[in-house]
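**Q** Sending over a structure as structure tokens; questions will come in a sec.
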Amino acid sequence: MKAIVYERTGDPSVLQVVDRPVPEPGPGEVLVRVAVSGVNPTDWKARRQWPLPAGWQTPGQDGAGVVEAVGEGVDQQLIGSRVWLWEAAWQRPWGTAAEYTVIPVRQAVPLGSASFDLGACLGIPFLTAHRCLTAGEYMPEKLHAGALSDHTVLVQGGAGAVGNAAIQLARWADACVVATVSSAEKAQLAAAAGASFVVNYREQDVVEEVRKIAPDGVHTIVEVSAARNAATDVQLLRAGGAVCVYADDGGAEVTLPIRPLMVPNARWQFVLVYTEPKAAKAQAVRDVAAAVAQGGVRVGEEAGLPLHHYSLEATAAAHQAVENGAVGKVLIGTTDAG
Ligand SMILES: NC(=O)c1ccc[n+]([C@@H]2O[C@H](COP(=O)([O-])OP(=O)(O)OC[C@H]3O[C@@H](n4cnc5c(N)ncnc54)[C@H](OP(=O)(O)O)[C@@H]3O)[C@@H](O)[C@H]2O)c1
């Protein structure tokens, strides 16, 4: 098979296209013929600095494809199933930027008739967004239609991949969603994702605009840039509300005023998808799969998530595009599976 491999960390030039034997699924694993691999910022961050315990790494946490073989202890009936993959390359060298990957069976989730492109967009962004919408004290543990019907959610950075996923999941769960963006083009994307209200944080006063929509403040803030937005977030939380911080874009440290956060019993919840509690992750996988099955998740420009396709051989360019801040989702087509 063809696979992308790197044997030392560095810029995209460390990514090599190699030929290697198709791997054998071990006990509890499935072999998946990858159709589409999704690229996330975590893939280039890992390529730049994560250690390589196996001495090599195929990048790519997310992907979608078809189960081609199963290892010991795995139901044979899964062979031929269309699946989406999550965290393929977390503490394993077998990422999705290859024609085949091996992965524990619980990380290969039935995709039904949804497209491989959609399947490859789910893992990192949607599981992170799910955590941000369920981690607070007053948030539901599960998402489903109606679960957030009395909630107002503010998504900071609504045209980002995680922002888009947060808008889509929150809307599927019937929340009122306000999103912030930096341009008119991104405002269109956030609205296409389903945001009921969009605020341009470069041109408008976010506190003033959100207060018009939610006079008592918002229940949940899904935060990509806490360092830049902390002062705004503090002014917008309602009693019992939570800011769920999933990134350090725009600054690595945050300063918080204690008393204005004590009074509403507010919560600052930090989120890393890889290390979130196992039960919460399992629930996220179930809920995201349900949202997909119910048609609650879409991709493409019309869903606020423009897709940018690259070939497997062009993986370095795909990584570079994400590193450069591509708007939407960068996908790598690996085979003609399915
Ligand atoms: N904790 C986790 O488990 C986890 C999971 C997934 C991703 N991440 C991290 O989250 C970050 C975003 O990932 P992504 O895939 O969503 O990237 P992305 O598609 O590039 O989105 C980032 C978005 O943030 C917006 N943004 C930046 N500064 C902002 C600000 N001050 N206010 C509002 N919006 C702002 C950007 O737009 P403008 O600059 O135009 O506003 C952009 O739309 C990355 O650092 C990634 O590594 C963490």
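Just remember, in the structure tokens the first chain shown is A, the second B, etc., residues are 1-based per chain, and ligands are 1-based in the order shown.
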Please report, as number ranges by chain, each residue of range 159-317 of chain A to which DSSP assigns strand (DSSP E or B) when run on this structure's backbone.

**A** A: 176-181, 197-200, 218-223, 225, 237-245, 248, 267-270, 300, 305, 307-311

**Q** Leaving out Asp174 in chain A and any residue of its chain fewer than 6 positions from it, which residues lie within 7 Å of it when counting only C-alpha atoms, given as an NGL selection string?

**A** :A and (145-149)

**Q** Since we have the selection now, will you write its residues out, keeping N, CA and C atoms, as a PDB file, in the first residue's frame?

**A**
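New file selection.pdb:
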```pdb
ATOM      1  N   ALA A 145     -31.801  15.704  19.983  1.00  0.00           N
ATOM      2  CA  ALA A 145     -32.742  16.768  19.659  1.00  0.00           C
ATOM      3  C   ALA A 145     -33.437  17.203  20.946  1.00  0.00           C
ATOM      4  N   GLY A 146     -33.457  18.489  21.212  1.00  0.00           N
ATOM      5  CA  GLY A 146     -34.121  19.025  22.403  1.00  0.00           C
ATOM      6  C   GLY A 146     -33.226  19.148  23.632  1.00  0.00           C
ATOM      7  N   ALA A 147     -32.048  18.525  23.619  1.00  0.00           N
ATOM      8  CA  ALA A 147     -31.199  18.500  24.826  1.00  0.00           C
ATOM      9  C   ALA A 147     -30.757  19.897  25.270  1.00  0.00           C
ATOM     10  N   LEU A 148     -30.654  20.831  24.318  1.00  0.00           N
ATOM     11  CA  LEU A 148     -30.199  22.185  24.665  1.00  0.00           C
ATOM     12  C   LEU A 148     -31.289  23.215  24.358  1.00  0.00           C
ATOM     13  N   SER A 149     -32.539  22.794  24.410  1.00  0.00           N
ATOM     14  CA  SER A 149     -33.612  23.685  23.940  1.00  0.00           C
ATOM     15  C   SER A 149     -33.743  24.940  24.803  1.00  0.00           C
TER      16      SER A 149
END
```

**Q** Distance limit 6 Å, reference ligand 1, atoms considered: only C-alpha atoms and all ligand atoms. Which residues make the cut? Give them as number ranges by chain.

**A** A: 40-42, 124-125, 128, 156-157, 159-163, 180-182, 224-225, 228-229, 246-247, 249-250, 271-273, 325, 327-328

**Q** Rank A:Ala54, A:Ala98, A:Val322, A:Ala266 by their smallest atom-to-atom distance to Arg20 in chain A, using only C-alpha atoms, and report the top residue only.

**A**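 Of the candidates, the smallest distance to Arg20 in chain A is held by A:Ala98.
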
**Q** Mind checking which residues fall within 12 Å of Ala165 in chain A, counting only C-alpha atoms, ignoring those fewer than 2 positions away in the same chain, and posting them as a count of residues only?

**A** 49

**Q** Name the residues in contact with His308 in chain A at a cut-off of 9 Å, using only C-alpha atoms, excluding same-chain residues fewer than 2 positions from it; report them as a ChimeraX atom specification.

**A** /A:306,310,318,326,328-332

**Q** Just write the chosen residues, N, CA and C atoms, as a PDB file, in the first residue's frame.

**A**
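Dumped everything to selection_19.pdb:
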```pdb
ATOM      1  N   PRO A 306     -16.458  24.650   3.846  1.00  0.00           N
ATOM      2  CA  PRO A 306     -15.945  24.353   2.501  1.00  0.00           C
ATOM      3  C   PRO A 306     -14.903  23.234   2.551  1.00  0.00           C
ATOM      4  N   TYR A 310      -7.239  17.028  -1.483  1.00  0.00           N
ATOM      5  CA  TYR A 310      -5.861  16.783  -1.910  1.00  0.00           C
ATOM      6  C   TYR A 310      -5.698  15.278  -2.150  1.00  0.00           C
ATOM      7  N   ALA A 318      -1.344  19.517   1.822  1.00  0.00           N
ATOM      8  CA  ALA A 318      -2.563  19.526   2.643  1.00  0.00           C
ATOM      9  C   ALA A 318      -2.234  19.991   4.067  1.00  0.00           C
ATOM     10  N   ALA A 326      -6.291  27.353   6.542  1.00  0.00           N
ATOM     11  CA  ALA A 326      -7.348  27.146   5.530  1.00  0.00           C
ATOM     12  C   ALA A 326      -8.724  27.278   6.178  1.00  0.00           C
ATOM     13  N   GLY A 328     -12.365  26.126   6.411  1.00  0.00           N
ATOM     14  CA  GLY A 328     -13.104  24.926   6.036  1.00  0.00           C
ATOM     15  C   GLY A 328     -12.312  23.700   6.429  1.00  0.00           C
ATOM     16  N   LYS A 329     -12.427  22.660   5.599  1.00  0.00           N
ATOM     17  CA  LYS A 329     -11.836  21.381   5.976  1.00  0.00           C
ATOM     18  C   LYS A 329     -10.950  20.846   4.870  1.00  0.00           C
ATOM     19  N   VAL A 330      -9.739  20.491   5.212  1.00  0.00           N
ATOM     20  CA  VAL A 330      -8.796  19.907   4.256  1.00  0.00           C
ATOM     21  C   VAL A 330      -8.916  18.383   4.338  1.00  0.00           C
ATOM     22  N   LEU A 331      -9.142  17.767   3.166  1.00  0.00           N
ATOM     23  CA  LEU A 331      -9.323  16.315   3.103  1.00  0.00           C
ATOM     24  C   LEU A 331      -8.322  15.708   2.131  1.00  0.00           C
ATOM     25  N   ILE A 332      -7.884  14.489   2.447  1.00  0.00           N
ATOM     26  CA  ILE A 332      -6.965  13.766   1.570  1.00  0.00           C
ATOM     27  C   ILE A 332      -7.702  12.532   1.061  1.00  0.00           C
TER      28      ILE A 332
END
```

**Q** Using only C-alpha atoms, find the one residue out of A:Ile221, A:Ala284, A:Ala289, A:Ala191 that sits nearest to Trp84 in chain A.

**A** A:Ala289

**Q** Identify which of the residues A:Asp216, A:Glu208, A:Asp62, A:Glu313 lies closest to Ala89 in chain A, counting only C-alpha atoms when measuring atom-to-atom distances.

**A**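 For Ala89 in chain A, the nearest of the given residues is A:Asp62.
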
**Q** Once DSSP has gone over the backbone, tell me which residues of range 96-293 of chain A are in helix (DSSP H, G or I), as an NGL selection string.

**A** :A and (105-107 or 116-120 or 123-134 or 161-172 or 184-193 or 206-213 or 226-236 or 258-262 or 273-275 or 278-293)

**Q** Env of Leu143 in chain A: 7 Å cut, atoms = only C-alpha atoms, seq-sep filter 3 positions within chain, self excluded. Answer as a list of chain:residue names.

**A** A:Pro140, A:Ala147, A:Ala173, A:Asp287

**Q** Residues as selected, all heavy atoms, written as a PDB file, in the first residue's frame, can you do that?

**A**
```
ATOM      1  N   PRO A 140     -26.343  19.256  29.609  1.00  0.00           N
ATOM      2  CA  PRO A 140     -26.723  17.839  29.591  1.00  0.00           C
ATOM      3  C   PRO A 140     -25.487  16.968  29.373  1.00  0.00           C
ATOM      4  O   PRO A 140     -24.496  17.423  28.808  1.00  0.00           O
ATOM      5  CB  PRO A 140     -27.654  17.748  28.371  1.00  0.00           C
ATOM      6  CG  PRO A 140     -27.201  18.855  27.485  1.00  0.00           C
ATOM      7  CD  PRO A 140     -26.714  19.962  28.378  1.00  0.00           C
ATOM      8  N   ALA A 147     -32.048  18.525  23.619  1.00  0.00           N
ATOM      9  CA  ALA A 147     -31.199  18.500  24.826  1.00  0.00           C
ATOM     10  C   ALA A 147     -30.757  19.897  25.270  1.00  0.00           C
ATOM     11  O   ALA A 147     -30.498  20.126  26.448  1.00  0.00           O
ATOM     12  CB  ALA A 147     -29.966  17.628  24.593  1.00  0.00           C
ATOM     13  N   ALA A 173     -29.216  19.969  18.744  1.00  0.00           N
ATOM     14  CA  ALA A 173     -29.778  19.787  20.093  1.00  0.00           C
ATOM     15  C   ALA A 173     -30.727  20.929  20.466  1.00  0.00           C
ATOM     16  O   ALA A 173     -31.133  21.065  21.613  1.00  0.00           O
ATOM     17  CB  ALA A 173     -28.643  19.677  21.109  1.00  0.00           C
ATOM     18  N   ASP A 287     -23.353  10.041  20.397  1.00  0.00           N
ATOM     19  CA  ASP A 287     -24.204  11.183  20.029  1.00  0.00           C
ATOM     20  C   ASP A 287     -23.869  11.712  18.633  1.00  0.00           C
ATOM     21  O   ASP A 287     -24.772  12.076  17.874  1.00  0.00           O
ATOM     22  CB  ASP A 287     -24.064  12.310  21.064  1.00  0.00           C
ATOM     23  CG  ASP A 287     -24.646  11.912  22.422  1.00  0.00           C
ATOM     24  OD1 ASP A 287     -25.309  10.859  22.516  1.00  0.00           O
ATOM     25  OD2 ASP A 287     -24.417  12.672  23.391  1.00  0.00           O
TER      26      ASP A 287
END
```
